[in-house]
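Trainee: Before I ask anything, let me first share the structure, which is written out below as structure tokens.
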Amino acid sequence: MVIAAVSTLIFLSSLAVGVNDAMVRNSVGLFSGHILATGLPSDLTPENLKIKGVEHVLKRIHVPGAISFGDKTEAIDMVGIDPISEGKATALAKKIVKGRNIRDGLHEVLVSKAVSDKLGVGVGELLRFAAIGLEGPLALKISGIYDTGISSMDMGLAFCPYSALPLNAYRWSAAVFIRDNATPETIVSSYRRLFGTRYPFTTWRESMPALVQLIDLNYLSMTIVILLVFGVVSLGISCAFVVFIFKSLREYGIMKAMGVTVGEVACLIVIEIVLINFAACLAGGVLGVGAVFFFSHHGIDLSSWTSHNQYFAVSGTIFPRLTVYSLFSPPAACLAFGLVSAIWPALLVASKKAVDILRVM
């Protein structure tokens with residue numbers, strides 16, 4: 001019972017960690033990045049931000065304005081990007097449902113399906129983009145239409161090569177993508193040592209509080225499951241030892257008659273239960289780690305159940321991952337509840353006198 005519980009819960013805990021990893025990976029990998037910096041001056045380049053632990057730094061120019069087609073107009077935040085760099089770091093191009101991605105050096109625009117439906121336009125149509133700072137409306141040809149399923153992106157953003165925006169003095173935003181062995185907080189600390197507080201750097205934890213809460217909720221839910229499972233398991237262990245003690249009650253009576261104290265008998269029972277639980281935890285841990293190792297390489301595809309979930313907009317494949325929490329929480333809970341399960345059998349033996357035991361037996 002303990003082996004099955006420990007191995008299963010180690011795997012489920014690792015799976016919960018993998019779900020959290022997948023939600024973060026999907027959320028930052030679609031467009032936003034792990035770290036966002038805004039209001040950067042034109043003399044600062046992406047290369048200045050590419051420090052140890054950083055994989056990609058994407059330069060983006062946000063120009064609020066409006067796009068129009070015929071007599072229809074829609075407010076939009078036009079984002080000037082480098083299509084090649086974006087294609088290497090983000091999954092935005094994978095969400096294109098019609099047409100193709102924009103190309104550098106061309107006056108093209110990538111709009112969302114929601115915006116194209118509102119304007120009644122399709123691939124190949126010419127849109128006009130007007131904004132403060134532009135001398136006149138800018139003509140942009142629709143190269144593709146994307147659909148992420150995330151309202152903040154589908155309703156408020158359009159993308160064009162930043163070479164198509166005739167802006168001289170401007171401030172730009174950076175989307176920083178970090179390597180797997182780095183943390184956003186460490187990178188931000190390095191940036192602040194380099195630049196002080198001149199530029200605001202925001203990690204995904206600060207910009208996505210809903211995702212942080214969802215991750216915390218996953219951990220809380222998994223902890224509750226672990227406690228509930230071992231609460232039931234400990235009851236089963238306790239009942240099993242009570243049956244064992246009834247079968248061996250004469251031996252315990254003889255021990256007490258020979259001078260073994262009540263405390264020593266109770267301690268013996270507790271040690272027996274703890275040792276059995278410890279051995280079962282080791283065996284269950286080996287099985288659980290083996291299952292995690294297998295699925296962490298092959299992954300578990302849940303795309304059919306996550307296709308409409310914004311936190312799985314890029315991929316629905318989960319890779320379980322062992323952490324201190326997932327590896328040690330189930331065995332620790334098992335041993336703790338094992339001590340609790342020893343109380344009833346120990347009290348049962350301690351409450352009976354040696355003469356009563358031997359008279360009955």
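We label chains A, B, ... in the order they appear in the structure tokens, count residues from 1 in each chain, and number ligands from 1 in the order shown.
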Show me, as a list in words, the residues that have an atom within 12 Å of Val340 of chain A when counting only C-alpha atoms, minus same-chain residues fewer than 4 positions from it.
Mentor: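 Here the qualifying residues turn out to be Phe230, Gly231, Val232, Val233, Ser234, Leu235, Gly236, Ile237, Ser238, Ile269, Val270, Ile273, Val274, Asn277, Ala333, Cys334, Leu335, Ala336, Trp344, Pro345, Ala346 and Leu347 of chain A.
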Trainee: How would you write, as a ChimeraX atom specification, the set of residues in segment 39-101 of chain A that DSSP gives as alpha helix (DSSP H)?
Mentor: /A:46-49,83-89
Trainee: Would you save the residues of that selection, restricted to N, CA and C atoms, as a short mmCIF file (atom, residue, chain, number, x, y, z; two decimals), in the first residue's frame?
Mentor:
```cif
data_model
loop_
_atom_site.label_atom_id
_atom_site.label_comp_id
_atom_site.auth_asym_id
_atom_site.auth_seq_id
_atom_site.Cartn_x
_atom_site.Cartn_y
_atom_site.Cartn_z
N PRO A 46 20.06 45.76 -28.29
CA PRO A 46 19.80 44.44 -27.70
C PRO A 46 21.06 43.73 -27.23
N GLU A 47 22.19 44.00 -27.91
CA GLU A 47 23.44 43.35 -27.51
C GLU A 47 23.88 43.78 -26.11
N ASN A 48 23.51 45.02 -25.71
CA ASN A 48 23.85 45.49 -24.36
C ASN A 48 23.14 44.69 -23.28
N LEU A 49 22.00 44.08 -23.62
CA LEU A 49 21.21 43.33 -22.65
C LEU A 49 21.50 41.84 -22.69
N PRO A 83 11.24 40.20 -37.85
CA PRO A 83 10.59 38.90 -38.05
C PRO A 83 11.52 37.70 -37.87
N ILE A 84 12.78 37.84 -38.25
CA ILE A 84 13.72 36.72 -38.15
C ILE A 84 14.01 36.40 -36.69
N SER A 85 14.33 37.43 -35.90
CA SER A 85 14.63 37.23 -34.48
C SER A 85 13.41 36.71 -33.73
N GLU A 86 12.23 37.24 -34.07
CA GLU A 86 11.00 36.80 -33.41
C GLU A 86 10.73 35.33 -33.71
N GLY A 87 11.00 34.92 -34.95
CA GLY A 87 10.77 33.53 -35.32
C GLY A 87 11.66 32.56 -34.57
N LYS A 88 12.87 33.01 -34.18
CA LYS A 88 13.79 32.14 -33.45
C LYS A 88 13.39 32.00 -31.98
N ALA A 89 12.81 33.04 -31.41
CA ALA A 89 12.56 33.05 -29.97
C ALA A 89 11.12 32.81 -29.57
#
```
Trainee: Could you check the closest approach to Tyr162 of chain A for each of A:Ile102, A:Met222, A:Ala279, A:Ala182 and tell me which residue wins, using only C-alpha atoms?
Mentor: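 Distance minimum relative to Tyr162 of chain A lands on A:Ile102.
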Trainee: Could you give me, as a ChimeraX atom specification, the residues within 12 Å of Ser326 of chain A, counting only C-alpha atoms and dropping anything in the same chain fewer than 6 positions from it?
Mentor: /A:6-18,219,222-223,226,285,288-289,292,320,332-333
Trainee: Measure the distance from atom CA of Thr183 of chain A to atom CA of Arg321 of chain A in Å and round it to one decimal.
Mentor: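 Taking atom CA of Thr183 of chain A as the start and atom CA of Arg321 of chain A as the end point, the length is 16.6 Å.
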Trainee: Hey, what's within 7 Å of segment 148-157 of chain A if we count only C-alpha atoms and toss same-chain stuff fewer than 5 positions away? As a list in words, please?
Mentor: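 Once the adjacent positions are removed, what remains is Ile76, Asp77, Met78, Val79, Lys95, Ser112, Ala114, Val115, Gln310 and Ala313 of chain A.
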Trainee: I need the chosen residues saved as an mmCIF file, in the first residue's frame, with all heavy atoms.
Mentor:
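The resulting part08.cif:
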```cif
data_model
loop_
_atom_site.group_PDB
_atom_site.id
_atom_site.type_symbol
_atom_site.label_atom_id
_atom_site.label_comp_id
_atom_site.auth_asym_id
_atom_site.auth_seq_id
_atom_site.Cartn_x
_atom_site.Cartn_y
_atom_site.Cartn_z
ATOM 1 N N ILE A 76 -5.432 50.253 -32.338
ATOM 2 C CA ILE A 76 -4.469 49.164 -32.334
ATOM 3 C C ILE A 76 -3.143 49.639 -31.769
ATOM 4 O O ILE A 76 -2.822 50.832 -31.825
ATOM 5 C CB ILE A 76 -4.268 48.596 -33.768
ATOM 6 C CG1 ILE A 76 -3.831 47.122 -33.720
ATOM 7 C CG2 ILE A 76 -3.250 49.421 -34.552
ATOM 8 C CD1 ILE A 76 -4.926 46.179 -33.410
ATOM 9 N N ASP A 77 -2.390 48.735 -31.222
ATOM 10 C CA ASP A 77 -1.014 49.006 -30.801
ATOM 11 C C ASP A 77 -0.110 48.319 -31.815
ATOM 12 O O ASP A 77 0.054 47.092 -31.783
ATOM 13 C CB ASP A 77 -0.782 48.462 -29.392
ATOM 14 C CG ASP A 77 0.585 48.866 -28.842
ATOM 15 O OD1 ASP A 77 1.273 49.669 -29.502
ATOM 16 O OD2 ASP A 77 0.966 48.366 -27.773
ATOM 17 N N MET A 78 0.432 49.088 -32.751
ATOM 18 C CA MET A 78 1.307 48.531 -33.779
ATOM 19 C C MET A 78 2.671 48.252 -33.175
ATOM 20 O O MET A 78 3.289 49.115 -32.556
ATOM 21 C CB MET A 78 1.433 49.496 -34.951
ATOM 22 C CG MET A 78 2.224 48.941 -36.116
ATOM 23 S SD MET A 78 1.409 47.531 -36.927
ATOM 24 C CE MET A 78 -0.011 48.366 -37.666
ATOM 25 N N VAL A 79 3.139 47.019 -33.351
ATOM 26 C CA VAL A 79 4.415 46.608 -32.776
ATOM 27 C C VAL A 79 5.396 46.347 -33.914
ATOM 28 O O VAL A 79 5.189 45.440 -34.727
ATOM 29 C CB VAL A 79 4.265 45.344 -31.914
ATOM 30 C CG1 VAL A 79 5.599 45.010 -31.240
ATOM 31 C CG2 VAL A 79 3.177 45.538 -30.868
ATOM 32 N N LYS A 95 1.074 30.582 -34.787
ATOM 33 C CA LYS A 95 -0.347 30.860 -34.585
ATOM 34 C C LYS A 95 -0.982 31.536 -35.800
ATOM 35 O O LYS A 95 -2.135 31.965 -35.737
ATOM 36 C CB LYS A 95 -0.540 31.744 -33.346
ATOM 37 C CG LYS A 95 0.159 31.253 -32.089
ATOM 38 C CD LYS A 95 -0.178 29.823 -31.738
ATOM 39 C CE LYS A 95 -1.598 29.656 -31.276
ATOM 40 N NZ LYS A 95 -1.892 28.281 -30.831
ATOM 41 N N SER A 112 -4.670 40.160 -36.190
ATOM 42 C CA SER A 112 -5.372 39.036 -35.589
ATOM 43 C C SER A 112 -6.656 38.735 -36.348
ATOM 44 O O SER A 112 -7.186 39.575 -37.081
ATOM 45 C CB SER A 112 -5.698 39.339 -34.125
ATOM 46 O OG SER A 112 -6.676 40.351 -34.044
ATOM 47 N N ALA A 114 -9.539 38.363 -34.999
ATOM 48 C CA ALA A 114 -10.613 39.199 -34.445
ATOM 49 C C ALA A 114 -10.638 40.562 -35.110
ATOM 50 O O ALA A 114 -11.709 41.080 -35.466
ATOM 51 C CB ALA A 114 -10.424 39.345 -32.939
ATOM 52 N N VAL A 115 -9.469 41.163 -35.319
ATOM 53 C CA VAL A 115 -9.399 42.481 -35.956
ATOM 54 C C VAL A 115 -9.769 42.387 -37.434
ATOM 55 O O VAL A 115 -10.497 43.246 -37.959
ATOM 56 C CB VAL A 115 -7.991 43.077 -35.789
ATOM 57 C CG1 VAL A 115 -7.826 44.341 -36.632
ATOM 58 C CG2 VAL A 115 -7.719 43.384 -34.323
ATOM 59 N N GLN A 310 -5.496 29.226 -22.565
ATOM 60 C CA GLN A 310 -4.515 30.235 -22.943
ATOM 61 C C GLN A 310 -3.119 29.929 -22.396
ATOM 62 O O GLN A 310 -2.118 30.400 -22.951
ATOM 63 C CB GLN A 310 -4.951 31.603 -22.444
ATOM 64 C CG GLN A 310 -5.024 31.744 -20.928
ATOM 65 C CD GLN A 310 -5.273 33.164 -20.489
ATOM 66 O OE1 GLN A 310 -4.995 34.100 -21.220
ATOM 67 N NE2 GLN A 310 -5.827 33.334 -19.303
ATOM 68 N N ALA A 313 -1.190 27.679 -25.079
ATOM 69 C CA ALA A 313 -1.435 28.177 -26.434
ATOM 70 C C ALA A 313 -0.401 27.680 -27.440
ATOM 71 O O ALA A 313 -0.669 27.625 -28.637
ATOM 72 C CB ALA A 313 -1.453 29.714 -26.428
#
```
Trainee: Smallest atom-to-atom distance to Ala164 of chain A: which of A:Leu30, A:Cys267, A:Ile178, A:Ala139, using only C-alpha atoms?
Mentor: A:Ala139
Trainee: What's the separation between atom CA of Leu126 of chain A and atom CA of Ile96 of chain A, in Å to one decimal place?
Mentor: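 Separation between atom CA of Leu126 of chain A and atom CA of Ile96 of chain A: 18.2 Å.
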Trainee: So which one's closest to Val176 of chain A, A:Glu108, A:Thr202, A:Ile343, A:Ala91? Using only C-alpha atoms, please.
Mentor: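 Among the listed residues, the smallest separation from Val176 of chain A belongs to A:Thr202.
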Trainee: Pick from A:Met1, A:His297, A:Ser27, A:Glu264: nearest to Arg205 of chain A, with only C-alpha atoms counted?
Mentor: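 Of the candidates, the smallest distance to Arg205 of chain A is held by A:Ser27.
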Trainee: Between atom CA of Phe293 of chain A and atom CA of Glu185 of chain A, what is the distance, to one decimal in Å?
Mentor: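 Distance between the two atoms: 28.3 Å.
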Trainee: Could you please write out, as number ranges by chain, every residue of segment 156-249 of chain A that DSSP assigns to strand (DSSP E or B)?
Mentor: A: 157-161, 172-178, 201-203
Trainee: Go ahead and save the picked residues with N, CA and C atoms, as a PDB file, in the first residue's frame.
Mentor:
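To be explicit, this is the file written out as selection01.pdb:
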```
ATOM      1  N   LEU A 157      -3.204  44.067 -30.625  1.00  0.00           N
ATOM      2  CA  LEU A 157      -1.884  44.133 -31.245  1.00  0.00           C
ATOM      3  C   LEU A 157      -1.922  43.804 -32.731  1.00  0.00           C
ATOM      4  N   ALA A 158      -1.038  44.467 -33.463  1.00  0.00           N
ATOM      5  CA  ALA A 158      -0.736  44.125 -34.856  1.00  0.00           C
ATOM      6  C   ALA A 158       0.773  44.260 -35.012  1.00  0.00           C
ATOM      7  N   PHE A 159       1.339  43.547 -35.968  1.00  0.00           N
ATOM      8  CA  PHE A 159       2.795  43.490 -36.083  1.00  0.00           C
ATOM      9  C   PHE A 159       3.239  43.856 -37.499  1.00  0.00           C
ATOM     10  N   CYS A 160       4.314  44.633 -37.557  1.00  0.00           N
ATOM     11  CA  CYS A 160       4.929  44.974 -38.834  1.00  0.00           C
ATOM     12  C   CYS A 160       6.433  45.023 -38.632  1.00  0.00           C
ATOM     13  N   PRO A 161       7.232  44.939 -39.693  1.00  0.00           N
ATOM     14  CA  PRO A 161       8.677  45.105 -39.524  1.00  0.00           C
ATOM     15  C   PRO A 161       8.975  46.516 -39.014  1.00  0.00           C
ATOM     16  N   TRP A 172      12.159  52.055 -27.211  1.00  0.00           N
ATOM     17  CA  TRP A 172      11.769  50.715 -27.591  1.00  0.00           C
ATOM     18  C   TRP A 172      11.633  49.820 -26.356  1.00  0.00           C
ATOM     19  N   SER A 173      11.020  48.675 -26.573  1.00  0.00           N
ATOM     20  CA  SER A 173      10.829  47.688 -25.517  1.00  0.00           C
ATOM     21  C   SER A 173      11.642  46.447 -25.841  1.00  0.00           C
ATOM     22  N   ALA A 174      12.075  45.761 -24.795  1.00  0.00           N
ATOM     23  CA  ALA A 174      12.858  44.538 -24.977  1.00  0.00           C
ATOM     24  C   ALA A 174      12.131  43.374 -24.333  1.00  0.00           C
ATOM     25  N   ALA A 175      12.068  42.271 -25.069  1.00  0.00           N
ATOM     26  CA  ALA A 175      11.571  41.011 -24.525  1.00  0.00           C
ATOM     27  C   ALA A 175      12.780  40.095 -24.363  1.00  0.00           C
ATOM     28  N   VAL A 176      13.072  39.732 -23.117  1.00  0.00           N
ATOM     29  CA  VAL A 176      14.272  38.955 -22.807  1.00  0.00           C
ATOM     30  C   VAL A 176      13.879  37.509 -22.546  1.00  0.00           C
ATOM     31  N   PHE A 177      14.509  36.600 -23.274  1.00  0.00           N
ATOM     32  CA  PHE A 177      14.281  35.159 -23.089  1.00  0.00           C
ATOM     33  C   PHE A 177      15.542  34.564 -22.476  1.00  0.00           C
ATOM     34  N   ILE A 178      15.376  33.845 -21.368  1.00  0.00           N
ATOM     35  CA  ILE A 178      16.534  33.346 -20.630  1.00  0.00           C
ATOM     36  C   ILE A 178      16.714  31.848 -20.868  1.00  0.00           C
ATOM     37  N   PHE A 201      12.724  46.872 -15.402  1.00  0.00           N
ATOM     38  CA  PHE A 201      12.738  45.481 -15.837  1.00  0.00           C
ATOM     39  C   PHE A 201      11.694  44.719 -15.020  1.00  0.00           C
ATOM     40  N   THR A 202      10.806  44.014 -15.715  1.00  0.00           N
ATOM     41  CA  THR A 202       9.698  43.320 -15.072  1.00  0.00           C
ATOM     42  C   THR A 202       9.761  41.839 -15.419  1.00  0.00           C
ATOM     43  N   THR A 203       9.763  40.980 -14.412  1.00  0.00           N
ATOM     44  CA  THR A 203       9.765  39.538 -14.664  1.00  0.00           C
ATOM     45  C   THR A 203       8.342  39.067 -14.946  1.00  0.00           C
TER      46      THR A 203
END
```
Trainee: Tell me which of A:Val314, A:Val188, A:Leu140, A:Val242 sits closest to Ala37 of chain A, counting only C-alpha atoms.
Mentor: A:Val188
Trainee: Can you list, as a VMD selection string, every protein, DNA or RNA residue that comes within 8 Å of Lys113 of chain A when you count only C-alpha atoms, leaving out same-chain residues fewer than 2 positions away?
Mentor: chain A and resid 111 115 to 117 145 to 147 154
Trainee: Go through A:Gly70, A:Gly99, A:Gly316, A:Gly253 one by one, measure the shortest atom-to-atom distance of each to Met23 of chain A using only C-alpha atoms, and give the residue with the smallest value.
Mentor: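 So, comparing all the options, the nearest one is A:Gly316.
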